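Participant: Below is the file structure.cif, with mmCIF, C-alpha atoms and all ligand atoms.
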```
data_coords
#
loop_
_atom_site.group_PDB
_atom_site.id
_atom_site.type_symbol
_atom_site.label_atom_id
_atom_site.label_comp_id
_atom_site.auth_asym_id
_atom_site.auth_seq_id
_atom_site.Cartn_x
_atom_site.Cartn_y
_atom_site.Cartn_z
ATOM 1 C CA MET A 3 78.598 104.606 89.859
ATOM 2 C CA VAL A 4 76.645 102.601 92.377
ATOM 3 C CA ALA A 5 78.223 102.618 95.806
ATOM 4 C CA ILE A 6 77.400 101.666 99.381
ATOM 5 C CA ASN A 7 78.848 103.940 102.076
ATOM 6 C CA GLY A 8 81.560 105.042 99.635
ATOM 7 C CA PHE A 9 82.398 101.497 98.539
ATOM 8 C CA ALA A 10 81.882 100.888 94.836
ATOM 9 C CA VAL A 11 79.623 98.089 93.677
ATOM 10 C CA SER A 12 80.871 96.232 90.631
ATOM 11 C CA ALA A 13 80.894 92.937 88.782
ATOM 12 C CA ASP A 14 84.608 93.566 88.179
ATOM 13 C CA ARG A 15 86.457 91.937 91.060
ATOM 14 C CA GLY A 16 89.771 93.427 90.012
ATOM 15 C CA ALA A 17 88.399 96.956 90.016
ATOM 16 C CA LEU A 18 87.240 96.539 93.600
ATOM 17 C CA GLY A 19 90.428 94.898 94.813
ATOM 18 C CA ILE A 20 88.662 91.688 95.742
ATOM 19 C CA THR A 21 91.175 89.248 97.164
ATOM 20 C CA THR A 22 90.615 85.790 98.617
ATOM 21 C CA PHE A 23 91.895 85.434 102.174
ATOM 22 C CA THR A 24 92.191 82.356 104.324
ATOM 23 C CA VAL A 25 90.743 82.874 107.774
ATOM 24 C CA PRO A 26 93.642 82.225 110.167
ATOM 25 C CA GLY A 27 93.403 78.895 111.934
ATOM 26 C CA THR A 28 90.917 77.498 109.398
ATOM 27 C CA SER A 29 90.714 76.390 105.774
ATOM 28 C CA VAL A 30 87.908 78.885 105.147
ATOM 29 C CA GLN A 31 88.523 81.136 102.164
ATOM 30 C CA LEU A 32 86.670 84.413 101.803
ATOM 31 C CA PRO A 33 86.891 86.835 98.883
ATOM 32 C CA VAL A 34 86.564 90.402 100.166
ATOM 33 C CA ARG A 35 87.894 93.900 99.474
ATOM 34 C CA ALA A 36 91.562 93.805 100.425
ATOM 35 C CA ASP A 37 91.592 97.223 102.105
ATOM 36 C CA VAL A 38 88.918 96.275 104.637
ATOM 37 C CA ALA A 39 89.859 92.602 104.904
ATOM 38 C CA PRO A 40 91.329 93.065 108.395
ATOM 39 C CA LEU A 41 87.832 93.948 109.599
ATOM 40 C CA LEU A 42 85.985 91.071 107.951
ATOM 41 C CA ILE A 43 88.666 88.409 108.222
ATOM 42 C CA GLY A 44 89.520 89.455 111.765
ATOM 43 C CA PHE A 45 85.865 89.083 112.674
ATOM 44 C CA ALA A 46 85.687 85.657 111.006
ATOM 45 C CA ARG A 47 88.772 84.500 112.889
ATOM 46 C CA ASP A 48 87.378 85.646 116.231
ATOM 47 C CA PHE A 49 83.974 84.175 115.394
ATOM 48 C CA HIS A 50 85.646 80.812 114.750
ATOM 49 C CA GLU A 51 87.598 80.992 118.001
ATOM 50 C CA ARG A 52 84.899 82.376 120.266
ATOM 51 C CA VAL A 53 81.467 81.667 118.840
ATOM 52 C CA GLU A 54 81.257 78.716 116.468
ATOM 53 C CA ARG A 55 83.663 76.731 114.317
ATOM 54 C CA LEU A 56 83.542 77.828 110.694
ATOM 55 C CA ASP A 57 82.483 75.381 108.019
ATOM 56 C CA PRO A 58 84.559 76.011 104.872
ATOM 57 C CA ALA A 59 81.695 74.922 102.632
ATOM 58 C CA SER A 60 79.203 77.463 103.913
ATOM 59 C CA CYS A 61 81.090 80.739 104.319
ATOM 60 C CA TRP A 62 80.801 83.326 101.575
ATOM 61 C CA GLY A 63 82.150 86.753 100.729
ATOM 62 C CA TYR A 64 82.064 88.847 97.564
ATOM 63 C CA ALA A 65 79.174 88.167 95.211
ATOM 64 C CA TYR A 66 77.780 90.489 92.570
ATOM 65 C CA ARG A 67 74.105 90.421 93.394
ATOM 66 C CA ALA A 68 71.187 92.356 94.799
ATOM 67 C CA VAL A 69 69.779 92.029 98.282
ATOM 68 C CA ARG A 70 67.595 88.927 98.148
ATOM 69 C CA GLY A 71 64.045 89.924 97.318
ATOM 70 C CA SER A 72 65.069 93.456 96.354
ATOM 71 C CA SER A 73 66.708 95.427 93.562
ATOM 72 C CA SER A 74 69.165 97.189 95.880
ATOM 73 C CA PRO A 75 72.775 96.058 95.541
ATOM 74 C CA SER A 76 73.924 93.777 98.321
ATOM 75 C CA PHE A 77 76.864 94.723 100.522
ATOM 76 C CA HIS A 78 78.332 91.505 99.106
ATOM 77 C CA ALA A 79 78.478 93.175 95.684
ATOM 78 C CA ALA A 80 80.939 95.690 97.129
ATOM 79 C CA GLY A 81 83.039 93.001 98.810
ATOM 80 C CA ILE A 82 82.285 94.400 102.262
ATOM 81 C CA ALA A 83 80.175 91.583 103.715
ATOM 82 C CA VAL A 84 80.563 87.943 104.647
ATOM 83 C CA ASP A 85 78.157 85.151 105.494
ATOM 84 C CA LEU A 86 79.346 82.600 108.048
ATOM 85 C CA ASN A 87 77.963 79.070 108.447
ATOM 86 C CA ALA A 88 75.000 80.026 106.296
ATOM 87 C CA PRO A 89 72.850 76.870 106.601
ATOM 88 C CA ARG A 90 72.933 77.052 110.393
ATOM 89 C CA HIS A 91 71.747 80.662 110.365
ATOM 90 C CA PRO A 92 69.239 80.909 107.528
ATOM 91 C CA LEU A 93 67.951 84.218 106.208
ATOM 92 C CA GLY A 94 64.858 85.332 108.084
ATOM 93 C CA ALA A 95 65.423 83.150 111.152
ATOM 94 C CA ARG A 96 65.963 84.692 114.586
ATOM 95 C CA GLY A 97 67.491 82.976 117.587
ATOM 96 C CA THR A 98 69.906 80.737 115.660
ATOM 97 C CA PHE A 99 72.567 81.666 118.197
ATOM 98 C CA SER A 100 72.331 81.294 121.966
ATOM 99 C CA SER A 101 72.004 84.598 123.794
ATOM 100 C CA ARG A 102 75.621 84.302 124.910
ATOM 101 C CA GLN A 103 76.755 83.712 121.332
ATOM 102 C CA ALA A 104 74.603 86.558 120.027
ATOM 103 C CA ALA A 105 76.094 88.924 122.580
ATOM 104 C CA GLU A 106 79.590 87.900 121.503
ATOM 105 C CA VAL A 107 78.777 88.262 117.805
ATOM 106 C CA ARG A 108 77.412 91.754 118.482
ATOM 107 C CA ARG A 109 80.442 92.710 120.530
ATOM 108 C CA LEU A 110 82.893 91.468 117.904
ATOM 109 C CA ALA A 111 80.955 93.176 115.131
ATOM 110 C CA GLY A 112 81.107 96.480 116.969
ATOM 111 C CA HIS A 113 84.789 96.036 117.551
ATOM 112 C CA TYR A 114 85.490 95.574 113.854
ATOM 113 C CA GLY A 115 83.148 98.308 112.624
ATOM 114 C CA LEU A 116 80.623 95.805 111.314
ATOM 115 C CA ARG A 117 76.876 95.424 111.599
ATOM 116 C CA TRP A 118 75.413 92.028 112.325
ATOM 117 C CA GLY A 119 72.440 90.973 110.224
ATOM 118 C CA GLY A 120 70.846 89.534 113.364
ATOM 119 C CA ASP A 121 70.182 93.130 114.371
ATOM 120 C CA TYR A 122 68.276 93.984 111.204
ATOM 121 C CA GLN A 123 64.880 95.198 112.264
ATOM 122 C CA ARG A 124 62.912 93.935 109.309
ATOM 123 C CA ARG A 125 64.315 90.588 108.194
ATOM 124 C CA ALA A 126 66.998 88.951 110.311
ATOM 125 C CA ASP A 127 70.114 87.666 108.558
ATOM 126 C CA GLU A 128 72.107 86.036 111.328
ATOM 127 C CA MET A 129 74.747 84.533 109.023
ATOM 128 C CA HIS A 130 75.694 88.001 107.773
ATOM 129 C CA VAL A 131 78.006 90.827 108.830
ATOM 130 C CA GLU A 132 78.862 93.910 106.781
ATOM 131 C CA VAL A 133 81.132 96.925 107.039
ATOM 132 C CA ILE A 134 78.905 99.676 108.374
ATOM 133 C CA LEU A 135 81.492 102.438 108.511
ATOM 134 C CA GLY A 136 81.983 104.758 105.564
ATOM 135 C CA HIS A 137 85.056 104.006 103.471
ATOM 136 C CA ARG A 138 87.312 106.541 105.137
ATOM 137 C CA GLN A 139 86.250 105.561 108.639
ATOM 138 C CA ALA A 140 86.658 101.879 107.784
ATOM 139 C CA LEU A 141 90.244 102.469 106.727
ATOM 140 C CA GLU A 142 90.823 104.397 109.939
ATOM 141 C CA ARG A 143 89.451 101.460 111.884
ATOM 142 C CA VAL A 144 91.831 99.131 110.058
ATOM 143 C CA THR A 145 94.698 101.400 111.085
ATOM 144 C CA ALA A 146 93.473 101.609 114.672
ATOM 145 C CA LEU A 147 93.319 97.822 114.844
ATOM 146 C CA GLY A 148 96.935 97.464 113.820
ATOM 147 C CA GLY A 149 97.086 97.958 110.097
ATOM 148 C CA ALA A 150 96.267 96.120 106.930
ATOM 149 C CA SER A 151 98.762 93.314 107.209
ATOM 150 C CA SER A 152 98.984 91.044 104.195
ATOM 151 C CA SER A 153 97.762 88.216 106.375
ATOM 152 C CA ALA A 154 94.657 90.204 107.223
ATOM 153 C CA GLY A 155 94.645 89.626 110.921
ATOM 154 C CA ALA A 156 96.693 86.467 111.142
ATOM 155 C CA HIS A 157 98.363 87.935 114.192
ATOM 156 C CA GLY A 158 97.841 90.725 116.625
ATOM 157 C CA PRO A 159 95.748 90.972 119.743
ATOM 158 C CA SER A 160 92.863 88.554 119.794
ATOM 159 C CA SER A 161 90.957 90.174 122.623
ATOM 160 C CA PRO A 162 88.978 93.266 121.709
ATOM 161 C CA ARG A 163 89.509 94.596 125.180
ATOM 162 C CA GLU A 164 93.246 94.905 124.515
ATOM 163 C CA LEU A 165 92.826 96.946 121.387
ATOM 164 C CA PRO A 166 93.009 100.713 121.053
ATOM 165 C CA GLN A 167 89.995 102.932 121.265
ATOM 166 C CA GLN A 168 87.824 102.258 118.298
ATOM 167 C CA TYR A 169 87.376 105.797 117.167
ATOM 168 C CA GLU A 170 90.584 107.442 118.300
ATOM 169 C CA ALA A 171 91.532 108.233 114.722
ATOM 170 C CA PHE A 172 88.346 110.147 114.128
ATOM 171 C CA VAL A 173 88.327 113.883 114.131
ATOM 172 C CA ALA A 174 86.243 115.414 116.859
ATOM 173 C CA GLY A 175 82.953 116.959 115.912
ATOM 174 C CA SER A 176 81.017 114.448 113.919
ATOM 175 C CA ALA A 177 82.746 111.177 114.751
ATOM 176 C CA PRO A 178 80.206 108.526 115.724
ATOM 177 C CA GLY A 179 79.831 108.586 119.498
ATOM 178 C CA SER A 180 81.404 112.003 119.975
ATOM 179 C CA ARG A 181 78.155 113.820 120.721
ATOM 180 C CA VAL A 182 74.484 113.332 121.390
ATOM 181 C CA LEU A 183 72.399 113.304 118.220
ATOM 182 C CA ARG A 184 68.851 114.495 117.911
ATOM 183 C CA ARG A 185 66.625 116.059 115.309
ATOM 184 C CA GLY A 186 68.307 118.953 113.526
ATOM 185 C CA ARG A 187 71.845 117.603 113.754
ATOM 186 C CA ALA A 188 73.882 116.899 110.630
ATOM 187 C CA GLY A 189 77.176 115.188 109.938
ATOM 188 C CA ASP A 190 79.020 111.951 109.355
ATOM 189 C CA ASP A 191 77.805 110.615 112.674
ATOM 190 C CA VAL A 192 74.213 111.145 111.588
ATOM 191 C CA ALA A 193 74.946 109.255 108.356
ATOM 192 C CA PHE A 194 76.365 106.426 110.449
ATOM 193 C CA VAL A 195 73.158 106.219 112.481
ATOM 194 C CA GLN A 196 71.135 106.303 109.277
ATOM 195 C CA ARG A 197 73.091 103.467 107.697
ATOM 196 C CA TRP A 198 72.830 101.464 110.873
ATOM 197 C CA ASN A 199 69.073 101.830 110.831
ATOM 198 C CA GLY A 200 68.628 101.330 107.129
ATOM 199 C CA VAL A 201 67.393 104.801 106.224
ATOM 200 C CA ALA A 202 68.787 107.056 103.503
ATOM 201 C CA ASP A 203 72.159 108.353 104.700
ATOM 202 C CA ASP A 204 71.990 112.005 103.765
ATOM 203 C CA GLY A 205 73.622 113.000 107.055
ATOM 204 C CA ARG A 206 70.644 115.067 108.221
ATOM 205 C CA PHE A 207 68.743 114.009 111.304
ATOM 206 C CA GLY A 208 65.115 114.500 110.331
ATOM 207 C CA PRO A 209 61.795 112.841 111.182
ATOM 208 C CA ALA A 210 62.537 109.587 109.319
ATOM 209 C CA THR A 211 65.821 109.188 111.149
ATOM 210 C CA GLU A 212 64.194 109.996 114.466
ATOM 211 C CA ALA A 213 61.490 107.396 113.844
ATOM 212 C CA ALA A 214 64.108 104.803 112.899
ATOM 213 C CA VAL A 215 66.100 105.551 116.050
ATOM 214 C CA ARG A 216 62.968 105.186 118.171
ATOM 215 C CA ARG A 217 62.261 101.794 116.605
ATOM 216 C CA TYR A 218 65.826 100.691 117.170
ATOM 217 C CA GLN A 219 65.781 101.825 120.789
ATOM 218 C CA ALA A 220 62.494 100.060 121.431
ATOM 219 C CA ALA A 221 63.829 96.860 119.869
ATOM 220 C CA GLN A 222 66.891 97.116 122.090
ATOM 221 C CA GLY A 223 64.890 97.706 125.251
ATOM 222 C CA LEU A 224 66.125 101.279 125.589
ATOM 223 C CA THR A 225 64.069 104.387 126.221
ATOM 224 C CA ALA A 226 62.628 105.161 122.789
ATOM 225 C CA ASP A 227 63.209 108.912 122.867
ATOM 226 C CA GLY A 228 64.723 109.236 119.392
ATOM 227 C CA VAL A 229 67.844 110.817 120.863
ATOM 228 C CA VAL A 230 71.160 109.051 120.286
ATOM 229 C CA GLY A 231 72.988 109.299 123.595
ATOM 230 C CA PRO A 232 75.744 107.180 125.146
ATOM 231 C CA LEU A 233 73.579 104.101 125.706
ATOM 232 C CA THR A 234 72.273 104.044 122.171
ATOM 233 C CA TRP A 235 75.723 104.695 120.752
ATOM 234 C CA SER A 236 77.270 101.860 122.699
ATOM 235 C CA ARG A 237 74.473 99.510 121.655
ATOM 236 C CA MET A 238 75.449 100.278 118.064
ATOM 237 C CA GLY A 239 79.002 99.168 118.825
ATOM 238 C CA VAL A 240 80.376 102.694 119.089
ATOM 239 C CA ARG A 241 82.723 103.415 121.928
ATOM 240 C CA VAL A 242 81.758 106.639 123.673
ATOM 241 C CA PRO A 243 84.622 108.719 125.057
ATOM 242 C CA THR A 244 84.513 108.944 128.848
ATOM 243 C CA SER A 245 86.050 112.246 129.829
HETATM 244 ZN ZN ZN A 301 75.117 88.139 103.531
#
```
Could you take the file, read its structure, and then write that structure out as structure tokens?
Facilitator:
Amino acid sequence: MVAINGFAVSADRGALGITTFTVPGTSVQLPVRADVAPLLIGFARDFHERVERLDPASCWGYAYRAVRGSSSPSFHAAGIAVDLNAPRHPLGARGTFSSRQAAEVRRLAGHYGLRWGGDYQRRADEMHVEVILGHRQALERVTALGGASSSAGAHGPSSPRELPQQYEAFVAGSAPGSRVLRRGRAGDDVAFVQRWNGVADDGRFGPATEAAVRRYQAAQGLTADGVVGPLTWSRMGVRVPTS
């Protein structure tokens, strides 16, 4: 079975639990996996309220297809990605949001356990966000954010700052953000970093992962030392415990 981060990829919507949700406060309808809908629909709601009004005709969710220009399955084929206001943020274009908007999109994405396509290193996809957590961690994030209500985020706190710690449900040890990662480390947190940077997520921090981390750090204006410390973690949307 083909899967992305533990989420199955299928042409069978029913098998994946694809459900169409209306983004609260809009007439936008997005088909996504029901169990992670609070992440994607919550993001879309906040995006509408804080970044840019959503256009119902140009927001998309589940689609059984490959990544454009590739044979790899798209996150859309697992129902764990959405595209918002696609024509305004075309594939390959950078800078379609103001810097203030981009910062807010990045912050909201981190809050909901998503990765923003504007942070792709190779080809920007600023319309796109996808669930970057593994399946188990994504469900934990849903719980931490207040549960999988049937309305998928129609209520509840609207300010990320008011919400519980993002990773409080994670076990210590290899939860993303719980330790500094460098070459030689292994674990779920390494796999997270690998997925974030688009390298094979075998959970082992080797030379390819180190190189990808260095590229990411350089692109983010951080010291490109290949070591994932608090600054790099927080840039990836991971809250680092302060104790
Ligand atoms: Zn997309």
Participant: Starting from the shown file, work through the PyMOL selection byres (((chain A and resi 218-230) around 12) and not hetatm) and note down what comes out as JSON, numbers by chain.
Facilitator: {"A": [121, 122, 123, 124, 178, 179, 180, 181, 182, 183, 184, 185, 186, 187, 191, 192, 194, 195, 196, 198, 199, 200, 201, 207, 208, 209, 210, 211, 212, 213, 214, 215, 216, 217, 231, 232, 233, 234, 235, 236, 237, 238, 240, 242]}
Participant: Report, in Å with one decimal, the straight-line distance from CA of Asp204 (chain A) to CA of Arg67 (chain A).
Facilitator: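 Taking CA of Asp204 (chain A) as the start and CA of Arg67 (chain A) as the end point, the length is 24.0 Å.
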Participant: Within 9 Å of ligand ZN 301 (chain A), counting all atoms listed in the file, which protein or nucleic acid residues do you find, written as a list in words?
Facilitator: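 Listed by chain and ascending number, the contacts are Trp62, Gly63, Val69, Ser76, Phe77, His78, Ala83, Val84, Asp85, Leu86, Ala88, Leu93, Gly119, Asp127, Glu128, Met129, His130, Val131 and Glu132 of chain A.
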Participant: Evaluate the PyMOL selection byres (((chain A and resi 10) around 10) and not hetatm) here and jot the selected residues down as a VMD selection string.
Facilitator: chain A and resid 3 to 9 11 to 12 17 to 18 77 79 to 82 137
Participant: Using only C-alpha atoms, can you tell me which of A:Gly148, A:Gly112, A:Pro58, A:Gly97 comes closest to Gln31 (chain A)?
Facilitator: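 Checking each candidate against Gln31 (chain A), we get A:Pro58 as the closest.
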Participant: Which residues are close to Val38 (chain A), i.e. within 7 Å by all atoms listed in the file, leaving aside same-chain residues fewer than 6 positions away? Reply as a count of residues only.
Facilitator: 3
Participant: Counting all atoms listed in the file, figure out which residue out of A:Leu116, A:Val30, A:Ser73, A:Pro40 gets nearest to Leu56 (chain A).
Facilitator: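 Nearest candidate to Leu56 (chain A) out of A:Leu116, A:Val30, A:Ser73, A:Pro40: A:Val30.
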Participant: Ranking A:Gly16, A:Gly239, A:Pro75, A:Gly136 by minimum distance to Val34 (chain A) and counting only C-alpha atoms, which one comes first?
Facilitator: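 Result for the nearest residue to Val34 (chain A): A:Gly16.
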Participant: Return as AutoDock Vina command-line options the centre and edge lengths, in Å with one decimal, of the box along x, y and z that encloses every atom of region 31-35 of chain A in the file, padded by 4 Å per side.
Facilitator:
```
--center_x 87.5 --center_y 87.5 --center_z 100.5 --size_x 10.0 --size_y 20.8 --size_z 11.3
```
Participant: Between CA of Ala65 (chain A) and CA of Gly205 (chain A), what is the spacing in Å?
Facilitator: 28.1 Å
Participant: Some atoms are absent from region 3-17 of chain A, so rebuild N, CA and C atoms and return them as a compact mmCIF listing (two decimals), in the coordinates of the input.
Facilitator:
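File written: result.txt
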```txt
# COMPACT_ATOMS: atom_id res chain seq x y z
N MET A 3 78.10 105.84 89.26
CA MET A 3 78.60 104.61 89.86
C MET A 3 77.78 104.27 91.10
N VAL A 4 77.37 103.04 91.19
CA VAL A 4 76.64 102.60 92.38
C VAL A 4 77.65 102.35 93.49
N ALA A 5 77.32 102.83 94.68
CA ALA A 5 78.22 102.62 95.81
C ALA A 5 77.41 102.47 97.08
N ILE A 6 77.99 101.80 98.05
CA ILE A 6 77.40 101.67 99.38
C ILE A 6 78.39 102.26 100.37
N ASN A 7 77.99 103.32 101.06
CA ASN A 7 78.85 103.94 102.08
C ASN A 7 80.22 104.31 101.53
N GLY A 8 80.27 104.67 100.22
CA GLY A 8 81.56 105.04 99.64
C GLY A 8 82.33 103.87 99.06
N PHE A 9 81.77 102.68 99.14
CA PHE A 9 82.40 101.50 98.54
C PHE A 9 81.69 101.20 97.22
N ALA A 10 82.47 101.14 96.14
CA ALA A 10 81.88 100.89 94.84
C ALA A 10 81.30 99.48 94.77
N VAL A 11 80.25 99.38 93.97
CA VAL A 11 79.62 98.09 93.68
C VAL A 11 79.97 97.75 92.24
N SER A 12 80.47 96.57 91.99
CA SER A 12 80.87 96.23 90.63
C SER A 12 80.91 94.73 90.43
N ALA A 13 80.71 94.34 89.15
CA ALA A 13 80.89 92.94 88.78
C ALA A 13 82.36 92.64 88.51
N ASP A 14 83.18 93.70 88.50
CA ASP A 14 84.61 93.57 88.18
C ASP A 14 85.41 93.41 89.48
N ARG A 15 85.75 92.20 89.80
CA ARG A 15 86.46 91.94 91.06
C ARG A 15 87.77 92.70 91.15
N GLY A 16 88.47 92.75 90.00
CA GLY A 16 89.77 93.43 90.01
C GLY A 16 89.63 94.90 90.33
N ALA A 17 88.59 95.53 89.79
CA ALA A 17 88.40 96.96 90.02
C ALA A 17 88.15 97.26 91.49
```
